[in-house]
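Shown next: target07.pdb, given as PDB, C-alpha atoms.
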ATOM      1  CA  MET A 189       7.461 -45.411  61.710
ATOM      2  CA  VAL A 190       5.288 -43.959  58.968
ATOM      3  CA  GLN A 191       6.928 -43.832  55.574
ATOM      4  CA  ILE A 192       5.942 -41.084  53.167
ATOM      5  CA  ALA A 193       6.053 -42.018  49.517
ATOM      6  CA  PRO A 194       8.113 -39.697  47.321
ATOM      7  CA  PRO A 195       6.077 -37.357  45.101
ATOM      8  CA  PRO A 196       5.503 -38.446  41.507
ATOM      9  CA  PRO A 197       7.790 -36.958  38.809
ATOM     10  CA  GLU A 198       5.052 -34.583  37.649
ATOM     11  CA  ALA A 199       4.744 -33.069  41.111
ATOM     12  CA  LYS A 200       8.501 -32.603  41.332
ATOM     13  CA  GLU A 201       8.566 -30.746  38.039
ATOM     14  CA  ALA A 202       5.612 -28.568  39.041
ATOM     15  CA  SER A 203       7.140 -27.633  42.399
ATOM     16  CA  ALA A 204      10.503 -26.929  40.777
ATOM     17  CA  THR A 205       8.978 -24.516  38.311
ATOM     18  CA  GLY A 206       6.548 -23.019  40.798
ATOM     19  CA  GLY A 207       3.669 -23.806  38.468
ATOM     20  CA  GLY A 208       1.540 -26.155  40.496
ATOM     21  CA  ALA A 209      -1.982 -26.794  39.217
ATOM     22  CA  ASP A 210      -2.144 -23.391  37.491
ATOM     23  CA  SER A 211       1.000 -23.831  35.433
ATOM     24  CA  ARG A 212       0.598 -23.108  31.714
ATOM     25  CA  PRO A 213       2.916 -23.938  28.851
ATOM     26  CA  ALA A 214       5.139 -21.115  27.776
ATOM     27  CA  THR A 215       4.060 -19.356  24.595
ATOM     28  CA  PRO A 216       6.293 -20.495  21.768
ATOM     29  CA  ALA A 217       8.425 -17.817  20.217
ATOM     30  CA  VAL A 218       7.346 -16.660  16.786
ATOM     31  CA  ARG A 219       9.890 -17.363  14.109
ATOM     32  CA  THR A 220       9.911 -14.688  11.476
ATOM     33  CA  PRO A 221      11.589 -15.378   8.135
ATOM     34  CA  PRO A 222      15.293 -14.446   8.003
ATOM     35  CA  VAL A 223      15.925 -10.766   7.305
ATOM     36  CA  TRP A 224      18.177 -11.466   4.339
ATOM     37  CA  ARG A 225      15.517 -13.626   2.704
ATOM     38  CA  GLU A 226      12.815 -11.017   3.198
ATOM     39  CA  LEU A 227      15.006  -8.244   1.827
ATOM     40  CA  LEU A 228      15.881 -10.378  -1.176
ATOM     41  CA  LEU A 229      12.234 -11.294  -1.747
ATOM     42  CA  ILE A 230      11.069  -7.693  -1.530
ATOM     43  CA  ALA A 231      13.918  -6.474  -3.756
ATOM     44  CA  LEU A 232      13.203  -9.116  -6.400
ATOM     45  CA  PHE A 233       9.475  -8.466  -6.299
ATOM     46  CA  TYR A 234       9.870  -4.702  -6.556
ATOM     47  CA  ALA A 235      12.400  -5.077  -9.387
ATOM     48  CA  ALA A 236       9.950  -7.310 -11.251
ATOM     49  CA  TYR A 237       7.169  -4.804 -10.562
ATOM     50  CA  MET A 238       9.172  -1.892 -11.968
ATOM     51  CA  ALA A 239      10.515  -3.941 -14.886
ATOM     52  CA  THR A 240       7.013  -4.978 -15.856
ATOM     53  CA  ARG A 241       5.841  -1.379 -15.752
ATOM     54  CA  ILE A 242       8.736  -0.389 -18.002
ATOM     55  CA  ILE A 243       8.032  -3.242 -20.404
ATOM     56  CA  LEU A 244       4.379  -2.257 -20.572
ATOM     57  CA  ASN A 245       5.344   1.350 -21.324
ATOM     58  CA  ASP A 246       4.635   1.935 -25.014
ATOM     59  CA  PRO A 247       5.152   5.609 -25.914
ATOM     60  CA  ASP A 248       3.741   4.993 -29.366
ATOM     61  CA  GLY A 249       0.602   3.231 -28.179
ATOM     62  CA  THR A 250      -1.034   5.963 -26.135
ATOM     63  CA  GLN A 251      -4.276   6.263 -28.079
ATOM     64  CA  GLU A 252      -5.908   3.483 -26.078
ATOM     65  CA  ALA A 253      -4.792   5.072 -22.791
ATOM     66  CA  PHE A 254      -6.382   8.404 -23.738
ATOM     67  CA  ARG A 255      -9.547   6.667 -24.959
ATOM     68  CA  HIS A 256      -9.836   4.969 -21.579
ATOM     69  CA  ALA A 257      -9.339   8.332 -19.861
ATOM     70  CA  GLN A 258     -12.312   9.742 -21.739
ATOM     71  CA  GLN A 259     -14.345   6.696 -20.687
ATOM     72  CA  ILE A 260     -13.437   7.213 -17.031
ATOM     73  CA  LEU A 261     -14.418  10.883 -17.154
ATOM     74  CA  ARG A 262     -17.779  10.053 -18.763
ATOM     75  CA  TRP A 263     -18.493   7.356 -16.182
ATOM     76  CA  GLU A 264     -17.627   9.645 -13.293
ATOM     77  CA  GLN A 265     -19.679  12.510 -14.656
ATOM     78  CA  ALA A 266     -22.650  10.216 -15.101
ATOM     79  CA  ALA A 267     -22.253   8.933 -11.535
ATOM     80  CA  GLY A 268     -21.647  12.425 -10.142
ATOM     81  CA  VAL A 269     -18.308  11.524  -8.550
ATOM     82  CA  ASN A 270     -15.973  13.570 -10.769
ATOM     83  CA  VAL A 271     -14.253  15.377  -7.914
ATOM     84  CA  GLU A 272     -10.711  15.352  -9.323
ATOM     85  CA  LEU A 273     -10.910  18.625 -11.256
ATOM     86  CA  GLY A 274     -12.250  20.588  -8.285
ATOM     87  CA  LEU A 275      -9.479  19.271  -6.031
ATOM     88  CA  ASN A 276      -6.857  19.995  -8.668
ATOM     89  CA  GLN A 277      -8.036  23.575  -9.192
ATOM     90  CA  ALA A 278      -8.236  24.212  -5.439
ATOM     91  CA  LEU A 279      -4.668  22.974  -4.950
ATOM     92  CA  LEU A 280      -3.326  25.390  -7.557
ATOM     93  CA  HIS A 281      -4.450  28.356  -5.422
ATOM     94  CA  HIS A 282      -1.980  27.448  -2.665
ATOM     95  CA  GLU A 283       1.596  27.018  -3.835
ATOM     96  CA  TRP A 284       2.923  25.799  -0.470
ATOM     97  CA  LEU A 285       0.227  23.144  -0.330
ATOM     98  CA  ALA A 286       0.897  22.089  -3.920
ATOM     99  CA  VAL A 287       4.623  21.725  -3.195
ATOM    100  CA  ALA A 288       3.830  19.662  -0.090
ATOM    101  CA  ALA A 289       1.439  17.470  -2.078
ATOM    102  CA  ASN A 290       4.046  16.912  -4.801
ATOM    103  CA  LEU A 291       6.653  15.878  -2.225
ATOM    104  CA  PHE A 292       4.121  13.669  -0.454
ATOM    105  CA  TYR A 293       3.274  11.896  -3.724
ATOM    106  CA  LEU A 294       6.975  11.505  -4.467
ATOM    107  CA  SER A 295       8.092  10.024  -1.140
ATOM    108  CA  ALA A 296       5.352   8.834   1.216
ATOM    109  CA  HIS A 297       4.313   5.952  -1.042
ATOM    110  CA  PHE A 298       7.700   4.291  -0.452
ATOM    111  CA  VAL A 299       8.875   5.671   2.903
ATOM    112  CA  VAL A 300       5.690   4.967   4.865
ATOM    113  CA  THR A 301       5.142   1.536   3.335
ATOM    114  CA  VAL A 302       8.714   0.416   4.031
ATOM    115  CA  GLY A 303       8.439   1.789   7.565
ATOM    116  CA  ILE A 304       5.274  -0.231   8.203
ATOM    117  CA  VAL A 305       6.902  -3.384   6.775
ATOM    118  CA  VAL A 306       9.894  -2.987   9.139
ATOM    119  CA  TRP A 307       7.604  -2.295  12.112
ATOM    120  CA  LEU A 308       5.518  -5.389  11.385
ATOM    121  CA  TYR A 309       8.614  -7.559  11.044
ATOM    122  CA  ARG A 310      10.137  -6.370  14.321
ATOM    123  CA  HIS A 311       7.081  -5.867  16.522
ATOM    124  CA  ARG A 312       4.135  -7.816  15.058
ATOM    125  CA  PRO A 313       5.683 -11.072  13.814
ATOM    126  CA  HIS A 314       2.405 -13.000  14.203
ATOM    127  CA  HIS A 315       0.898 -10.838  11.459
ATOM    128  CA  TYR A 316       3.890  -9.929   9.330
ATOM    129  CA  VAL A 317       3.758 -12.836   6.873
ATOM    130  CA  TRP A 318       0.091 -12.605   5.887
ATOM    131  CA  LEU A 319       0.212  -8.812   5.561
ATOM    132  CA  ARG A 320       3.376  -9.005   3.463
ATOM    133  CA  THR A 321       1.812 -11.693   1.288
ATOM    134  CA  GLY A 322      -1.353  -9.625   0.920
ATOM    135  CA  ILE A 323       0.349  -6.505  -0.407
ATOM    136  CA  MET A 324       2.500  -8.528  -2.796
ATOM    137  CA  ALA A 325      -0.512 -10.420  -4.143
ATOM    138  CA  ALA A 326      -2.466  -7.192  -4.673
ATOM    139  CA  THR A 327       0.471  -5.497  -6.403
ATOM    140  CA  GLY A 328       0.918  -8.501  -8.663
ATOM    141  CA  MET A 329      -2.752  -8.311  -9.646
ATOM    142  CA  ALA A 330      -2.320  -4.591 -10.317
ATOM    143  CA  LEU A 331       0.208  -5.401 -13.047
ATOM    144  CA  VAL A 332      -2.566  -7.183 -14.913
ATOM    145  CA  GLY A 333      -4.633  -4.014 -14.714
ATOM    146  CA  PHE A 334      -1.759  -1.916 -16.094
ATOM    147  CA  TRP A 335      -1.511  -4.321 -19.022
ATOM    148  CA  LEU A 336      -5.212  -4.760 -19.789
ATOM    149  CA  TYR A 337      -6.336  -1.181 -19.156
ATOM    150  CA  PRO A 338      -3.664   1.453 -19.900
ATOM    151  CA  LEU A 339      -4.931   4.797 -18.681
ATOM    152  CA  ALA A 340      -3.714   8.354 -19.156
ATOM    153  CA  PRO A 341      -3.729  10.280 -15.847
ATOM    154  CA  PRO A 342      -5.750  13.507 -15.530
ATOM    155  CA  ARG A 343      -2.613  15.681 -15.768
ATOM    156  CA  PHE A 344      -2.357  14.605 -19.413
ATOM    157  CA  LEU A 345      -5.767  16.138 -20.142
ATOM    158  CA  PRO A 346      -5.321  19.930 -20.124
ATOM    159  CA  GLU A 347      -8.305  20.280 -22.451
ATOM    160  CA  HIS A 348     -10.477  19.233 -19.505
ATOM    161  CA  GLY A 349      -8.881  21.843 -17.236
ATOM    162  CA  PHE A 350      -6.403  19.630 -15.386
ATOM    163  CA  VAL A 351      -2.992  21.100 -14.504
ATOM    164  CA  ASP A 352       0.099  19.215 -13.373
ATOM    165  CA  PRO A 353       1.247  21.082 -10.211
ATOM    166  CA  VAL A 354       4.799  19.755 -10.637
ATOM    167  CA  VAL A 355       5.054  21.558 -13.985
ATOM    168  CA  PHE A 356       2.980  24.562 -12.930
ATOM    169  CA  PHE A 357       5.132  25.373  -9.888
ATOM    170  CA  ASP A 358       8.351  23.770 -11.183
ATOM    171  CA  THR A 359       8.806  21.639  -8.075
ATOM    172  CA  PRO A 360      10.307  18.183  -7.490
ATOM    173  CA  GLY A 361       7.942  15.363  -8.304
ATOM    174  CA  LEU A 362       7.810  11.692  -9.124
ATOM    175  CA  TYR A 363       8.017  12.394 -12.856
ATOM    176  CA  SER A 364       9.879  15.699 -12.749
ATOM    177  CA  SER A 365      13.190  14.315 -14.031
ATOM    178  CA  GLY A 366      13.819  13.070 -17.532
ATOM    179  CA  ALA A 367      15.162   9.741 -16.264
ATOM    180  CA  SER A 368      12.084   8.932 -14.178
ATOM    181  CA  THR A 369       9.796   9.999 -17.004
ATOM    182  CA  ALA A 370      11.571   7.764 -19.492
ATOM    183  CA  MET A 371      11.774   4.746 -17.166
ATOM    184  CA  ALA A 372       8.300   4.768 -15.640
ATOM    185  CA  ASN A 373       5.049   3.795 -17.292
ATOM    186  CA  GLN A 374       2.978   6.913 -16.812
ATOM    187  CA  TYR A 375      -0.052   5.199 -18.316
ATOM    188  CA  ALA A 376      -0.240   2.698 -15.442
ATOM    189  CA  ALA A 377      -2.867   4.635 -13.527
ATOM    190  CA  MET A 378      -5.449   1.854 -13.142
ATOM    191  CA  PRO A 379      -5.495   0.682 -10.390
ATOM    192  CA  SER A 380      -3.810   3.199  -8.092
ATOM    193  CA  MET A 381      -1.250   1.435  -5.953
ATOM    194  CA  HIS A 382      -0.618   4.723  -4.163
ATOM    195  CA  ALA A 383      -4.139   4.321  -2.768
ATOM    196  CA  GLY A 384      -3.769   0.564  -2.401
ATOM    197  CA  TRP A 385      -0.519   0.649  -0.452
ATOM    198  CA  ALA A 386      -1.855   3.485   1.708
ATOM    199  CA  ILE A 387      -4.952   1.527   2.714
ATOM    200  CA  TRP A 388      -2.695  -1.464   3.454
ATOM    201  CA  CYS A 389      -0.671   0.710   5.841
ATOM    202  CA  GLY A 390      -3.926   1.942   7.369
ATOM    203  CA  ILE A 391      -5.184  -1.611   7.916
ATOM    204  CA  ALA A 392      -1.941  -2.599   9.652
ATOM    205  CA  LEU A 393      -2.020   0.419  11.969
ATOM    206  CA  LEU A 394      -5.726   0.119  12.776
ATOM    207  CA  LEU A 395      -5.555  -3.606  13.512
ATOM    208  CA  LEU A 396      -2.226  -3.742  15.299
ATOM    209  CA  GLY A 397      -1.405  -0.265  16.567
ATOM    210  CA  ARG A 398      -1.590   0.065  20.350
ATOM    211  CA  ALA A 399      -1.257   3.832  20.737
ATOM    212  CA  TRP A 400      -4.229   6.028  19.856
ATOM    213  CA  TRP A 401      -2.093   8.177  17.583
ATOM    214  CA  ALA A 402      -1.015   5.116  15.571
ATOM    215  CA  ARG A 403      -4.631   4.155  14.930
ATOM    216  CA  LEU A 404      -5.452   7.763  14.075
ATOM    217  CA  LEU A 405      -2.581   7.760  11.584
ATOM    218  CA  GLY A 406      -4.067   4.573  10.150
ATOM    219  CA  VAL A 407      -7.148   6.605   9.216
ATOM    220  CA  LEU A 408      -5.544   9.900   8.208
ATOM    221  CA  TYR A 409      -2.762   8.547   6.011
ATOM    222  CA  PRO A 410      -4.992   6.708   3.476
ATOM    223  CA  VAL A 411      -7.405   9.652   3.353
ATOM    224  CA  ALA A 412      -4.552  12.098   2.753
ATOM    225  CA  THR A 413      -3.076   9.847   0.065
ATOM    226  CA  VAL A 414      -6.343   9.586  -1.872
ATOM    227  CA  LEU A 415      -6.822  13.371  -1.724
ATOM    228  CA  VAL A 416      -3.229  13.985  -2.872
ATOM    229  CA  ILE A 417      -3.308  11.586  -5.828
ATOM    230  CA  MET A 418      -6.453  13.281  -7.136
ATOM    231  CA  ALA A 419      -5.481  16.882  -6.350
ATOM    232  CA  THR A 420      -2.127  16.443  -8.101
ATOM    233  CA  ALA A 421      -4.002  15.098 -11.161
ATOM    234  CA  ASN A 422      -2.217  11.754 -11.055
ATOM    235  CA  HIS A 423      -5.275   9.552 -10.553
ATOM    236  CA  TYR A 424      -9.049   9.396 -10.834
ATOM    237  CA  ILE A 425     -11.256   8.369  -7.938
ATOM    238  CA  VAL A 426     -12.052   5.159  -9.818
ATOM    239  CA  ASP A 427      -8.328   4.285  -9.733
ATOM    240  CA  ALA A 428      -8.297   4.711  -5.964
ATOM    241  CA  VAL A 429     -11.356   2.510  -5.502
ATOM    242  CA  ALA A 430      -9.779  -0.194  -7.683
ATOM    243  CA  GLY A 431      -6.506  -0.048  -5.723
ATOM    244  CA  VAL A 432      -8.298  -0.337  -2.384
ATOM    245  CA  ALA A 433     -10.396  -3.253  -3.684
ATOM    246  CA  LEU A 434      -7.261  -5.145  -4.766
ATOM    247  CA  ILE A 435      -5.610  -4.668  -1.364
ATOM    248  CA  LEU A 436      -8.724  -5.877   0.433
ATOM    249  CA  LEU A 437      -8.901  -8.891  -1.865
ATOM    250  CA  GLY A 438      -5.194  -9.751  -1.581
ATOM    251  CA  SER A 439      -4.952  -9.163   2.166
ATOM    252  CA  GLY A 440      -8.219 -10.960   2.868
ATOM    253  CA  GLY A 441      -7.096 -13.999   0.915
ATOM    254  CA  ALA A 442      -3.702 -14.006   2.635
ATOM    255  CA  TRP A 443      -5.328 -13.708   6.071
ATOM    256  CA  LEU A 444      -7.655 -16.655   5.394
ATOM    257  CA  ALA A 445      -4.775 -18.775   4.120
ATOM    258  CA  HIS A 446      -2.559 -18.072   7.133
ATOM    259  CA  ARG A 447      -5.448 -18.383   9.585
ATOM    260  CA  SER A 448      -6.193 -21.876   8.309
ATOM    261  CA  SER A 449      -2.575 -22.878   8.906
ATOM    262  CA  GLY A 450      -2.533 -21.794  12.559
ATOM    263  CA  PRO A 451      -4.065 -19.410  15.129
ATOM    264  CA  LEU A 452      -3.306 -15.736  14.939
ATOM    265  CA  ARG A 453      -2.964 -13.395  17.868
ATOM    266  CA  SER A 454      -4.815 -10.103  17.814
ATOM    267  CA  ARG A 455      -1.787  -8.017  18.838
TER     268      ARG A 455
END

Would you mind writing the file's structure down as structure tokens?
Amino acid sequence: MVQIAPPPPEAKEASATGGGADSRPATPAVRTPPVWRELLLIALFYAAYMATRIILNDPDGTQEAFRHAQQILRWEQAAGVNVELGLNQALLHHEWLAVAANLFYLSAHFVVTVGIVVWLYRHRPHHYVWLRTGIMAATGMALVGFWLYPLAPPRFLPEHGFVDPVVFFDTPGLYSSGASTAMANQYAAMPSMHAGWAIWCGIALLLLGRAWWARLLGVLYPVATVLVIMATANHYIVDAVAGVALILLGSGGAWLAHRSSGPLRSR
């Protein structure tokens, strides 16, 4: 009688799982940091960011900020990129558009960015940590710019033709209340973190968005933000370029650091 040897343990395991020769190890689940820790980290970082801006706010030391504003205008005129005044004047001809721009400047900077952070945490955990680290690093570097190069925004330069649409149309705005005006450092225009955070949101949507409309939003939102910050006379184009450069630097460094520690999935 022919005896058949029992299959080796490996074969038993393969047949039990149905894997056979083509079986592949299951993809390990991605462990995102605990929600409470991320919320605490973001809250502490944002509190430090705002506190630093308040500390750097020196109402009596504005001469340097206005001198820098004159420098920026001269540089832009020499380079032929002084587009802020034209955008500002065009906005003033359309009250509904000016009101929308004021509300956009007031809210989108926070609402959209927080929304992207939550989306990354829940749906793109492979990329959440390096993107979060990138925006924090860039924002931290921006504080150095606020300290070293205080800058008066265009809306503080009526002699050059700039008009603050919040004041002109008496609409809600980021600095429309006395409390926000007193607490915020309005001379922290360089670099523009409105532009920086917007390009960060755009990068996340372009790289990781699956729907066509998400990738389209990744293009339109940063463009709209840059147009709004200049048309509302809150920033110069140089501020926007500096903010975008910081985000690219911070996010690029964070991506390289996390890539070296392990493979990243595309989506």

What is the CA of Gly441 in chain A to CA of Gly322 in chain A distance in Å?
7.2 Å

Which value, in Å to one decimal, gives the distance between CA of His382 in chain A and CA of Pro360 in chain A?
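That distance, rounded to one decimal, is 17.7 Å.
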
If I take CA of Tyr293 in chain A and CA of Ala419 in chain A, how far is one from the other in Å, to one decimal?
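That distance, rounded to one decimal, is 10.4 Å.
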
Answer key for the PyMOL selection byres ((chain A and resi 438) around 12), residues as a PyMOL selection string:
chain A and resi 318-330+384-385+388+431-437+439-445

Can you pull out the residues contacting range 297-303 of chain A? Cut-off 9 Å, using all atoms listed in the file, and skip same-chain residues under 3 positions away; I want them as number ranges by chain.
A: 292-294, 306-308, 381-383, 385-386, 388-389, 413

Show which residues sit within 8 Å of range 271-282 of chain A, as a list of chain:residue names. Count all atoms listed in the file, and ignore same-chain residues fewer than 2 positions away.
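In the requested form, the answer reads A:Val269, A:Trp284, A:Leu285, A:Ala286, A:Gly349, A:Phe350, A:Val351, A:Pro353, A:Leu415, A:Met418, A:Ala419, A:Thr420, A:Ala421, A:Tyr424, A:Ile425.
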
Same residues, C-alpha atoms, saved as an mmCIF file, in the frame of the given file:
data_model
loop_
_atom_site.group_PDB
_atom_site.id
_atom_site.type_symbol
_atom_site.label_atom_id
_atom_site.label_comp_id
_atom_site.auth_asym_id
_atom_site.auth_seq_id
_atom_site.Cartn_x
_atom_site.Cartn_y
_atom_site.Cartn_z
ATOM 1 C CA VAL A 269 -18.308 11.524 -8.550
ATOM 2 C CA TRP A 284 2.923 25.799 -0.470
ATOM 3 C CA LEU A 285 0.227 23.144 -0.330
ATOM 4 C CA ALA A 286 0.897 22.089 -3.920
ATOM 5 C CA GLY A 349 -8.881 21.843 -17.236
ATOM 6 C CA PHE A 350 -6.403 19.630 -15.386
ATOM 7 C CA VAL A 351 -2.992 21.100 -14.504
ATOM 8 C CA PRO A 353 1.247 21.082 -10.211
ATOM 9 C CA LEU A 415 -6.822 13.371 -1.724
ATOM 10 C CA MET A 418 -6.453 13.281 -7.136
ATOM 11 C CA ALA A 419 -5.481 16.882 -6.350
ATOM 12 C CA THR A 420 -2.127 16.443 -8.101
ATOM 13 C CA ALA A 421 -4.002 15.098 -11.161
ATOM 14 C CA TYR A 424 -9.049 9.396 -10.834
ATOM 15 C CA ILE A 425 -11.256 8.369 -7.938
#

Which is closer to Val305 in chain A than all the others in A:Val223, A:Ala266, A:Ile260, A:Val354, using only C-alpha atoms?
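Counting only C-alpha atoms, the residue closest to Val305 in chain A is A:Val223.
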
Quick one: axis-aligned box around all listed atoms of range 347-362 of chain A, 5 Å on every side, centre and edge lengths in Å to one decimal, written as lines of an AutoDock Vina configuration file.
center_x = -0.1
center_y = 18.5
center_z = -15.0
size_x = 30.8
size_y = 23.7
size_z = 25.0

Do a neighbour search on Pro338 in chain A at 10 Å with all atoms listed in the file, toss out local chain neighbours closer than 4 positions, and write the hits as a short mmCIF file (atom, residue, chain, number, x, y, z; two decimals) with C-alpha atoms, in the frame of the given file.
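Output (around-v3.cif):
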data_model
loop_
_atom_site.label_atom_id
_atom_site.label_comp_id
_atom_site.auth_asym_id
_atom_site.auth_seq_id
_atom_site.Cartn_x
_atom_site.Cartn_y
_atom_site.Cartn_z
CA LEU A 244 4.38 -2.26 -20.57
CA ASN A 245 5.34 1.35 -21.32
CA ASP A 246 4.64 1.94 -25.01
CA GLY A 249 0.60 3.23 -28.18
CA THR A 250 -1.03 5.96 -26.14
CA GLN A 251 -4.28 6.26 -28.08
CA GLU A 252 -5.91 3.48 -26.08
CA ALA A 253 -4.79 5.07 -22.79
CA PHE A 254 -6.38 8.40 -23.74
CA ARG A 255 -9.55 6.67 -24.96
CA HIS A 256 -9.84 4.97 -21.58
CA ALA A 257 -9.34 8.33 -19.86
CA GLY A 333 -4.63 -4.01 -14.71
CA PHE A 334 -1.76 -1.92 -16.09
CA ASN A 373 5.05 3.80 -17.29
CA GLN A 374 2.98 6.91 -16.81
CA TYR A 375 -0.05 5.20 -18.32
CA ALA A 376 -0.24 2.70 -15.44
CA ALA A 377 -2.87 4.64 -13.53
CA MET A 378 -5.45 1.85 -13.14
CA PRO A 379 -5.50 0.68 -10.39
#

Under the rule that only C-alpha atoms are counted, which of A:Ala235, A:His423, A:Ser448, A:Leu396 is the nearest residue to Ile304 in chain A?
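Result for the nearest residue to Ile304 in chain A: A:Leu396.
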
Save range 382-435 of chain A of the structure in the block above to a file, with C-alpha atoms included, as a compact mmCIF listing (two decimals), in the first residue's frame.
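The file below, selection-v7.txt, is the result:
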# COMPACT_ATOMS: atom_id res chain seq x y z
CA HIS A 382 -2.42 83.08 3.11
CA ALA A 383 -0.61 82.25 -0.14
CA GLY A 384 1.60 79.66 1.53
CA TRP A 385 -1.21 77.70 3.17
CA ALA A 386 -3.25 77.89 -0.04
CA ILE A 387 -0.46 76.37 -2.14
CA TRP A 388 -0.07 73.67 0.54
CA CYS A 389 -3.75 72.80 0.14
CA GLY A 390 -3.28 72.81 -3.63
CA ILE A 391 -0.31 70.43 -3.41
CA ALA A 392 -2.29 68.00 -1.24
CA LEU A 393 -5.27 68.00 -3.60
CA LEU A 394 -3.18 67.72 -6.77
CA LEU A 395 -1.03 64.88 -5.44
CA LEU A 396 -3.67 62.91 -3.57
CA GLY A 397 -7.07 63.88 -4.94
CA ARG A 398 -8.75 61.12 -6.95
CA ALA A 399 -11.69 63.02 -8.42
CA TRP A 400 -11.06 65.46 -11.26
CA TRP A 401 -12.87 68.23 -9.43
CA ALA A 402 -10.59 67.83 -6.40
CA ARG A 403 -7.50 68.28 -8.56
CA LEU A 404 -9.13 71.23 -10.30
CA LEU A 405 -9.82 72.78 -6.89
CA GLY A 406 -6.15 72.21 -6.10
CA VAL A 407 -5.32 74.61 -8.93
CA LEU A 408 -8.12 77.15 -8.57
CA TYR A 409 -7.95 77.67 -4.81
CA PRO A 410 -4.31 78.88 -4.65
CA VAL A 411 -4.84 81.09 -7.71
CA ALA A 412 -7.98 82.62 -6.20
CA THR A 413 -6.21 83.17 -2.88
CA VAL A 414 -3.27 85.01 -4.46
CA LEU A 415 -5.65 87.23 -6.46
CA VAL A 416 -7.74 87.99 -3.36
CA ILE A 417 -4.83 88.89 -1.08
CA MET A 418 -3.57 91.39 -3.66
CA ALA A 419 -6.95 92.79 -4.73
CA THR A 420 -7.93 93.42 -1.11
CA ALA A 421 -4.63 95.29 -0.63
CA ASN A 422 -3.44 92.95 2.10
CA HIS A 423 -0.31 91.68 0.37
CA TYR A 424 2.18 92.35 -2.41
CA ILE A 425 3.01 89.77 -5.05
CA VAL A 426 6.46 89.44 -3.49
CA ASP A 427 4.80 88.32 -0.24
CA ALA A 428 2.93 85.60 -2.11
CA VAL A 429 6.09 84.36 -3.83
CA ALA A 430 7.90 84.23 -0.47
CA GLY A 431 5.03 82.30 1.15
CA VAL A 432 4.92 79.76 -1.67
CA ALA A 433 8.72 79.34 -1.53
CA LEU A 434 8.59 78.60 2.22
CA ILE A 435 5.87 75.97 1.76
